[in-house]
>>> print(open('data.tsv').read())   # TSV, C-alpha atoms
chain	number	residue	atom	x	y	z
A	192	MET	CA	0.00	0.00	0.00
A	193	GLU	CA	1.34	3.41	-0.95
A	194	PHE	CA	0.89	4.91	2.53
A	195	GLU	CA	2.99	2.28	4.33
A	196	ASN	CA	6.16	3.39	6.11
A	197	LYS	CA	5.47	7.06	5.45
A	198	ILE	CA	5.06	10.26	7.43
A	199	ILE	CA	2.17	12.25	5.96
A	200	ASN	CA	1.96	16.03	6.36
A	201	GLY	CA	-1.71	16.91	6.59
A	202	ASP	CA	-4.84	17.22	8.70
A	203	SER	CA	-5.67	13.79	10.11
A	204	ILE	CA	-9.39	14.35	9.66
A	205	GLU	CA	-8.80	14.80	5.92
A	206	VAL	CA	-6.08	12.15	5.52
A	207	LEU	CA	-7.65	9.29	7.48
A	208	PRO	CA	-10.45	8.54	4.97
A	209	THR	CA	-7.73	7.74	2.40
A	210	LEU	CA	-6.26	4.96	4.59
A	211	SER	CA	-7.45	1.42	5.34
A	212	ASN	CA	-6.54	-1.91	6.94
A	213	ILE	CA	-4.70	-0.51	9.97
A	214	ASP	CA	-3.90	-3.14	12.61
A	215	LEU	CA	-3.06	-0.87	15.54
A	216	ILE	CA	-3.41	2.82	16.39
A	217	VAL	CA	-1.15	4.28	19.08
A	218	THR	CA	-1.48	8.02	19.55
A	219	SER	CA	-1.31	10.86	22.04
A	220	PRO	CA	-3.06	14.15	21.19
A	221	PRO	CA	-1.03	17.27	22.06
A	222	TYR	CA	-1.58	18.72	25.49
A	223	PHE	CA	-4.12	21.44	26.19
A	224	ASN	CA	-2.95	24.99	25.51
A	225	SER	CA	-4.95	27.64	27.33
A	226	ALA	CA	-3.35	30.53	25.42
A	227	LYS	CA	-6.19	30.42	22.89
A	228	LYS	CA	-9.74	29.25	23.43
A	229	TYR	CA	-12.18	28.40	20.67
A	230	GLN	CA	-15.86	27.72	21.01
A	231	ARG	CA	-17.65	24.93	19.20
A	232	GLY	CA	-21.07	23.92	20.37
A	233	GLY	CA	-22.09	25.22	23.77
A	234	GLY	CA	-19.37	26.69	25.96
A	235	VAL	CA	-15.62	27.19	25.81
A	236	HIS	CA	-13.87	23.85	25.46
A	237	TYR	CA	-10.51	23.91	23.83
A	238	SER	CA	-7.53	25.67	22.36
A	239	GLN	CA	-6.69	25.84	18.67
A	240	ASP	CA	-7.75	22.92	16.49
A	241	VAL	CA	-4.31	21.38	16.05
A	242	GLY	CA	-3.85	21.17	19.81
A	243	GLU	CA	-5.81	19.47	22.54
A	244	PRO	CA	-9.46	19.90	21.47
A	245	MET	CA	-11.79	17.17	22.60
A	246	TYR	CA	-13.80	17.65	19.42
A	247	VAL	CA	-10.76	17.03	17.21
A	248	ILE	CA	-10.06	13.81	19.12
A	249	GLU	CA	-13.71	12.89	18.67
A	250	ASP	CA	-13.69	13.61	14.93
A	251	CYS	CA	-10.45	11.66	14.40
A	252	SER	CA	-11.76	8.72	16.43
A	253	ARG	CA	-14.87	8.57	14.28
A	254	ALA	CA	-12.68	8.39	11.17
A	255	LEU	CA	-10.36	5.85	12.80
A	256	PHE	CA	-13.28	3.46	13.26
A	257	ASP	CA	-13.46	2.97	9.48
A	258	VAL	CA	-9.67	2.81	9.07
A	259	LEU	CA	-9.00	0.12	11.69
A	260	LYS	CA	-9.40	-3.57	10.90
A	261	ASP	CA	-12.29	-5.32	12.63
A	262	ASP	CA	-9.86	-7.16	14.92
A	263	GLY	CA	-7.56	-4.16	15.48
A	264	PHE	CA	-6.93	-2.00	18.54
A	265	TYR	CA	-6.82	1.74	19.25
A	266	CYS	CA	-4.54	2.88	22.11
A	267	LEU	CA	-5.25	6.47	23.13
A	268	ASN	CA	-2.90	8.18	25.60
A	269	LEU	CA	-4.65	10.88	27.62
A	270	GLY	CA	-3.31	13.00	30.44
A	271	PHE	CA	-5.08	15.57	32.59
A	272	SER	CA	-4.36	18.73	34.52
A	273	TYR	CA	-5.77	20.40	37.60
A	274	GLY	CA	-6.52	23.45	35.50
A	275	GLU	CA	-9.20	23.96	32.88
A	276	THR	CA	-9.09	20.44	31.44
A	277	GLY	CA	-9.89	18.88	34.82
A	278	VAL	CA	-9.08	15.49	36.28
A	279	MET	CA	-12.11	13.84	34.65
A	280	ARG	CA	-11.18	14.93	31.12
A	281	PRO	CA	-9.82	11.52	30.00
A	282	PHE	CA	-13.09	9.87	30.99
A	283	TYR	CA	-15.19	12.50	29.23
A	284	ILE	CA	-13.26	11.79	26.03
A	285	ALA	CA	-13.56	8.02	26.49
A	286	GLN	CA	-17.31	8.39	26.99
A	287	ARG	CA	-17.62	10.25	23.69
A	288	LEU	CA	-15.81	7.41	21.92
A	289	LEU	CA	-18.15	4.83	23.42
A	290	ARG	CA	-21.04	6.68	21.82
A	291	GLN	CA	-19.34	6.20	18.44
A	292	GLY	CA	-19.43	2.42	18.83
A	293	TRP	CA	-15.99	1.84	20.31
A	294	PHE	CA	-15.57	-0.56	23.23
A	295	CYS	CA	-12.97	0.15	25.91
A	296	VAL	CA	-11.41	-3.29	26.38
A	297	ASP	CA	-8.45	-2.37	28.57
A	298	THR	CA	-6.76	0.46	30.45
A	299	ILE	CA	-3.02	0.99	30.88
A	300	ILE	CA	-1.33	3.30	33.37
A	301	TRP	CA	1.92	5.06	32.53
A	302	HIS	CA	3.61	5.82	35.87
A	303	LYS	CA	6.06	8.68	35.40
A	304	ASN	CA	9.39	8.39	37.19
A	305	ASN	CA	10.03	12.13	36.96
A	306	PRO	CA	6.69	14.00	37.17
A	307	ILE	CA	6.65	17.78	37.52
A	308	PRO	CA	6.30	18.45	41.27
A	309	LEU	CA	3.21	20.36	42.38
A	310	GLN	CA	2.24	22.30	45.47
A	311	ASN	CA	-1.23	22.31	47.03
A	312	ARG	CA	-2.19	19.33	44.91
A	313	LEU	CA	-0.98	15.75	44.69
A	314	THR	CA	1.82	15.57	42.13
A	315	ASN	CA	0.31	14.11	38.96
A	316	ALA	CA	2.52	11.08	38.34
A	317	PHE	CA	0.56	9.07	35.77
A	318	GLU	CA	-1.37	9.14	32.52
A	319	TYR	CA	-3.98	6.83	31.06
A	320	ILE	CA	-3.85	4.75	27.89
A	321	PHE	CA	-7.37	3.66	26.97
A	322	VAL	CA	-7.50	0.63	24.68
A	323	PHE	CA	-10.48	0.57	22.32
A	324	ALA	CA	-11.73	-2.07	19.90
A	325	LYS	CA	-14.73	-2.54	17.65
A	326	HIS	CA	-15.96	-5.54	19.64
A	327	PRO	CA	-15.74	-6.16	23.38
A	328	LEU	CA	-14.44	-9.71	22.85
A	329	THR	CA	-11.71	-8.86	20.34
A	330	LYS	CA	-8.87	-11.33	20.94
A	331	TYR	CA	-5.40	-10.04	21.67
A	332	PRO	CA	-2.94	-11.07	18.95
A	333	ASN	CA	-0.30	-12.30	21.43
A	334	ASP	CA	-0.16	-14.48	24.51
A	335	ILE	CA	0.31	-11.87	27.24
A	336	GLY	CA	0.33	-14.25	30.19
A	337	TYR	CA	-0.04	-12.27	33.43
A	338	LYS	CA	1.38	-9.02	32.11
A	339	HIS	CA	0.45	-6.05	34.31
A	340	ASN	CA	-1.35	-2.99	32.95
A	341	VAL	CA	1.12	-0.54	34.53
A	342	PHE	CA	4.55	0.43	33.24
A	343	GLN	CA	7.08	2.94	34.53
A	344	SER	CA	9.09	5.38	32.48
A	345	SER	CA	10.51	8.86	32.66
A	346	ILE	CA	9.02	11.72	30.68
A	347	ALA	CA	10.92	12.03	27.40
A	348	LYS	CA	13.20	15.01	26.95
A	349	SER	CA	13.93	16.50	23.57
A	350	SER	CA	16.82	18.60	22.29
A	351	VAL	CA	14.85	19.47	19.17
A	352	ARG	CA	11.78	21.67	18.79
A	353	CYS	CA	8.92	19.25	19.07
A	354	SER	CA	5.74	18.75	21.06
A	355	ALA	CA	6.63	16.94	24.31
A	356	PRO	CA	7.47	13.50	22.89
A	357	PHE	CA	6.18	10.62	24.98
A	358	PRO	CA	8.70	7.94	26.04
A	359	GLU	CA	9.48	5.09	23.70
A	360	GLU	CA	8.31	2.67	26.38
A	361	LEU	CA	4.71	3.80	25.79
A	362	PRO	CA	4.33	2.75	22.14
A	363	ARG	CA	6.61	-0.24	22.74
A	364	PHE	CA	4.26	-1.56	25.43
A	365	CYS	CA	1.21	-1.14	23.18
A	366	ILE	CA	2.87	-2.50	20.05
A	367	GLU	CA	4.17	-5.56	21.89
A	368	VAL	CA	0.75	-6.45	23.31
A	369	PHE	CA	-1.65	-5.41	20.55
A	370	SER	CA	0.16	-6.22	17.28
A	371	LYS	CA	2.34	-8.76	15.50
A	372	GLU	CA	5.36	-8.41	13.24
A	373	ASN	CA	4.56	-6.84	9.86
A	374	ASP	CA	1.31	-5.29	11.17
A	375	ILE	CA	0.59	-1.65	10.27
A	376	VAL	CA	0.79	0.81	13.18
A	377	LEU	CA	-0.73	4.29	12.83
A	378	ASP	CA	-0.18	7.48	14.81
A	379	CYS	CA	-2.60	10.20	13.70
A	380	PHE	CA	-1.06	12.82	16.05
A	381	ASN	CA	2.45	11.86	15.05
A	382	GLY	CA	4.44	14.77	16.51
A	383	SER	CA	8.15	13.91	16.61
A	384	GLY	CA	7.49	10.36	15.41
A	385	THR	CA	8.12	8.20	18.48
A	386	THR	CA	5.41	5.66	17.64
A	387	CYS	CA	6.63	5.20	14.07
A	388	LYS	CA	10.26	4.97	15.15
A	389	VAL	CA	9.49	2.23	17.68
A	390	ALA	CA	7.20	0.43	15.22
A	391	LYS	CA	10.03	0.23	12.72
A	392	GLN	CA	12.39	-1.09	15.39
A	393	MET	CA	9.85	-3.78	16.27
A	394	LYS	CA	9.49	-4.91	12.63
A	395	ARG	CA	6.08	-3.36	12.07
A	396	ARG	CA	5.03	-1.17	9.19
A	397	PHE	CA	4.01	2.37	10.14
A	398	VAL	CA	2.05	5.44	9.12
A	399	GLY	CA	2.36	8.83	10.82
A	400	ILE	CA	0.18	11.89	10.22
A	401	ASP	CA	0.85	15.40	11.49
A	402	ILE	CA	-0.43	18.79	10.44
A	403	ASN	CA	2.89	20.48	11.25
A	404	LYS	CA	5.46	20.15	8.45
A	405	ASP	CA	8.39	20.77	10.80
A	406	TYR	CA	7.34	17.88	13.03
A	407	CYS	CA	7.06	15.63	9.98
A	408	LEU	CA	10.64	16.42	9.03
A	409	ILE	CA	11.78	15.75	12.60
A	410	ALA	CA	9.95	12.41	12.56
A	411	GLU	CA	11.48	11.39	9.24
A	412	ASN	CA	14.96	12.26	10.51
A	413	ARG	CA	14.44	10.29	13.74
A	414	ILE	CA	13.22	7.23	11.85
A	415	ASN	CA	16.22	7.53	9.51
A	416	LYS	CA	18.59	8.00	12.50
A	417	LYS	CA	19.54	11.55	11.60
A	418	CYS	CA	18.27	13.39	14.66
A	419	LEU	CA	19.36	13.91	18.25
A	420	ILE	CA	16.74	13.54	21.00
A	421	GLY	CA	17.73	14.25	24.57
A	422	GLY	CA	21.34	14.66	23.49
A	423	LYS	CA	21.65	11.03	22.36
A	424	ASP	CA	21.95	9.45	18.95
A	425	GLU	CA	18.50	8.20	18.00
A	426	SER	CA	19.93	5.04	16.46
>>> encode(input="data.tsv", output="C-alpha cells")
Amino acid sequence: MEFENKIINGDSIEVLPTLSNIDLIVTSPPYFNSAKKYQRGGGVHYSQDVGEPMYVIEDCSRALFDVLKDDGFYCLNLGFSYGETGVMRPFYIAQRLLRQGWFCVDTIIWHKNNPIPLQNRLTNAFEYIFVFAKHPLTKYPNDIGYKHNVFQSSIAKSSVRCSAPFPEELPRFCIEVFSKENDIVLDCFNGSGTTCKVAKQMKRRFVGIDINKDYCLIAENRINKKCLIGGKDES
C-alpha cells in the first residue's frame, strides 16, 4: 500500500479517509494549551484545532473506526491537569468514543518516574492509555500471560523543537501487546514520530500523520537515524 512506512503532512481528519486496513493505532493528542480558546457547540472547550481539542479527538476517532481492521486496537494516551481540562477529562473523552461504537477493552497506566512536582495538589505522576476495539471480545494477537497494565518510564526530553514526545516505552508496550510483526501501526497525532520509530524497530510497518510540516521532518529524521533527541543518537 502506498501509505505504508510514510510520514504524511496533513490534517488527520482529511487524511484518514484515504487509509485502510490498519492493525493498531497508538497516539497521544497534544496537550491542552490555554493561550487560545475556541468555542464549538455550547461553551468554551478547547484551544486551537491542532492542539488538545476534545472535538478534534472525537472527529479523528470517528474516522479511525473505518480505518481500523475489525480485529484491530486503538490505544489512546490521555493526560489531565488540575486546571481547565480537569481530572475527569480523559473519561469525558472516552465516553464520547463509546457513543461512536468503540468498546474500551483495557486500560493501561503510565507511571512517570520524573513528574513535575506540584504544590497544594498531589503531584500528577501518571497518565492513562485507553485501549479501544470494535468488539468487546476482540482477541489479543499475542499471549500476554499475566502481564500487568502498569509500566514505569521517565518523561521524554527533547533537544529538538517538538511537542513533548512521549517515552518510547509507551508505544513499545502497546505494540508488543496489541500487534504482530509486519502489522501496520498508525499514529494520527504523530508529533516527533516516536510511535513510528518504535514500530520500525519492532518490525512493524508504520504510518504517521501530522499537520505540522516541521514535526514531519523531525519524525522522518528520527526514523532515519539523523536526529538527536535528549542529546543522544537516535539510532
>>> atom_distance(input="data.tsv", atom1="CA of Thr314 (chain A)", atom2="CA of Ile300 (chain A)")
15.4 Å
>>> closest_residue(input="data.tsv", among="A:Val296, A:Leu267, A:Ala347, A:Ile400", to="Glu205 (chain A)", atoms="only C-alpha atoms")
A:Ile400
>>> closest_residue(input="data.tsv", among="A:Lys260, A:Leu255, A:Tyr319, A:Phe397", to="Arg280 (chain A)", atoms="only C-alpha atoms")
A:Tyr319
>>> atom_distance(input="data.tsv", atom1="CA of Ile346 (chain A)", atom2="CA of Gly382 (chain A)")
15.2 Å
>>> atom_distance(input="data.tsv", atom1="CA of Phe369 (chain A)", atom2="CA of Asn403 (chain A)")
27.9 Å
>>> axis_aligned_box(input="data.tsv", around="region 249-252 of chain A", padding_each_side="4 Å", output="JSON")
{"center_x": -12.1, "center_y": 11.2, "center_z": 16.5, "size_x": 11.3, "size_y": 12.9, "size_z": 12.3}
>>> closest_residue(input="data.tsv", among="A:Pro332, A:Gly263, A:Pro308, A:Gly292", to="Ile375 (chain A)", atoms="only C-alpha atoms")
A:Gly263
>>> residues_around(input="data.tsv", residues="Lys338 (chain A)", least_positions_apart="2", cutoff="12 Å", atoms="all atoms listed in the file", output="list in words")
Ile299, Asn333, Asp334, Ile335, Gly336, Asn340, Val341, Phe342, Phe364, Cys365, Glu367 and Val368 of chain A
>>> write_last_selection(input="data.tsv", atoms="C-alpha atoms", output="CSV table (one decimal), keeping the file's coordinate frame")
chain,number,residue,atom,x,y,z
A,299,ILE,CA,-3.0,1.0,30.9
A,333,ASN,CA,-0.3,-12.3,21.4
A,334,ASP,CA,-0.2,-14.5,24.5
A,335,ILE,CA,0.3,-11.9,27.2
A,336,GLY,CA,0.3,-14.2,30.2
A,340,ASN,CA,-1.4,-3.0,33.0
A,341,VAL,CA,1.1,-0.5,34.5
A,342,PHE,CA,4.6,0.4,33.2
A,364,PHE,CA,4.3,-1.6,25.4
A,365,CYS,CA,1.2,-1.1,23.2
A,367,GLU,CA,4.2,-5.6,21.9
A,368,VAL,CA,0.8,-6.4,23.3
>>> closest_atom_pairs(input="data.tsv", of="region 250-319 of chain A", to="region 377-380 of chain A", cutoff="12 Å", atoms="all atoms listed in the file", output="Markdown table")
| residue | atom | partner | partner_atom | distance |
| --- | --- | --- | --- | --- |
| A:Asp250 | CA | A:Cys379 | CA | 11.7 |
| A:Cys251 | CA | A:Cys379 | CA | 8.0 |
| A:Ser252 | CA | A:Cys379 | CA | 9.7 |
| A:Ala254 | CA | A:Cys379 | CA | 10.5 |
| A:Leu255 | CA | A:Cys379 | CA | 8.9 |
| A:Val258 | CA | A:Leu377 | CA | 9.8 |
| A:Leu259 | CA | A:Leu377 | CA | 9.3 |
| A:Lys260 | CA | A:Leu377 | CA | 11.9 |
| A:Gly263 | CA | A:Leu377 | CA | 11.2 |
| A:Phe264 | CA | A:Leu377 | CA | 10.5 |
| A:Tyr265 | CA | A:Leu377 | CA | 9.2 |
| A:Cys266 | CA | A:Asp378 | CA | 9.7 |
| A:Leu267 | CA | A:Asp378 | CA | 9.8 |
| A:Asn268 | CA | A:Phe380 | CA | 10.8 |
>>> residues_around(input="data.tsv", residues="Glu411 (chain A)", least_positions_apart="4", cutoff="9 Å", atoms="only C-alpha atoms", output="count of residues only")
11
>>> residues_near_point(input="data.tsv", point="(-11.2, 11.8, 25.8)", cutoff="9 Å", atoms="all atoms listed in the file", output="ChimeraX atom specification")
/A:245,248-249,267,269,280-288
>>> write_last_selection(input="data.tsv", atoms="C-alpha atoms", output="PDB file, in the coordinates of the input")
ATOM      1  CA  MET A 245     -11.790  17.170  22.600  1.00  0.00           C
ATOM      2  CA  ILE A 248     -10.060  13.810  19.120  1.00  0.00           C
ATOM      3  CA  GLU A 249     -13.710  12.890  18.670  1.00  0.00           C
ATOM      4  CA  LEU A 267      -5.250   6.470  23.130  1.00  0.00           C
ATOM      5  CA  LEU A 269      -4.650  10.880  27.620  1.00  0.00           C
ATOM      6  CA  ARG A 280     -11.180  14.930  31.120  1.00  0.00           C
ATOM      7  CA  PRO A 281      -9.820  11.520  30.000  1.00  0.00           C
ATOM      8  CA  PHE A 282     -13.090   9.870  30.990  1.00  0.00           C
ATOM      9  CA  TYR A 283     -15.190  12.500  29.230  1.00  0.00           C
ATOM     10  CA  ILE A 284     -13.260  11.790  26.030  1.00  0.00           C
ATOM     11  CA  ALA A 285     -13.560   8.020  26.490  1.00  0.00           C
ATOM     12  CA  GLN A 286     -17.310   8.390  26.990  1.00  0.00           C
ATOM     13  CA  ARG A 287     -17.620  10.250  23.690  1.00  0.00           C
ATOM     14  CA  LEU A 288     -15.810   7.410  21.920  1.00  0.00           C
TER      15      LEU A 288
END
>>> residues_around(input="data.tsv", residues="Gln343 (chain A)", least_positions_apart="3", cutoff="6 Å", atoms="only C-alpha atoms", output="PyMOL selection string")
chain A and resi 301-303
>>> closest_residue(input="data.tsv", among="A:Asn304, A:Thr218, A:Gln392, A:Thr329", to="Ser345 (chain A)", atoms="only C-alpha atoms")
A:Asn304
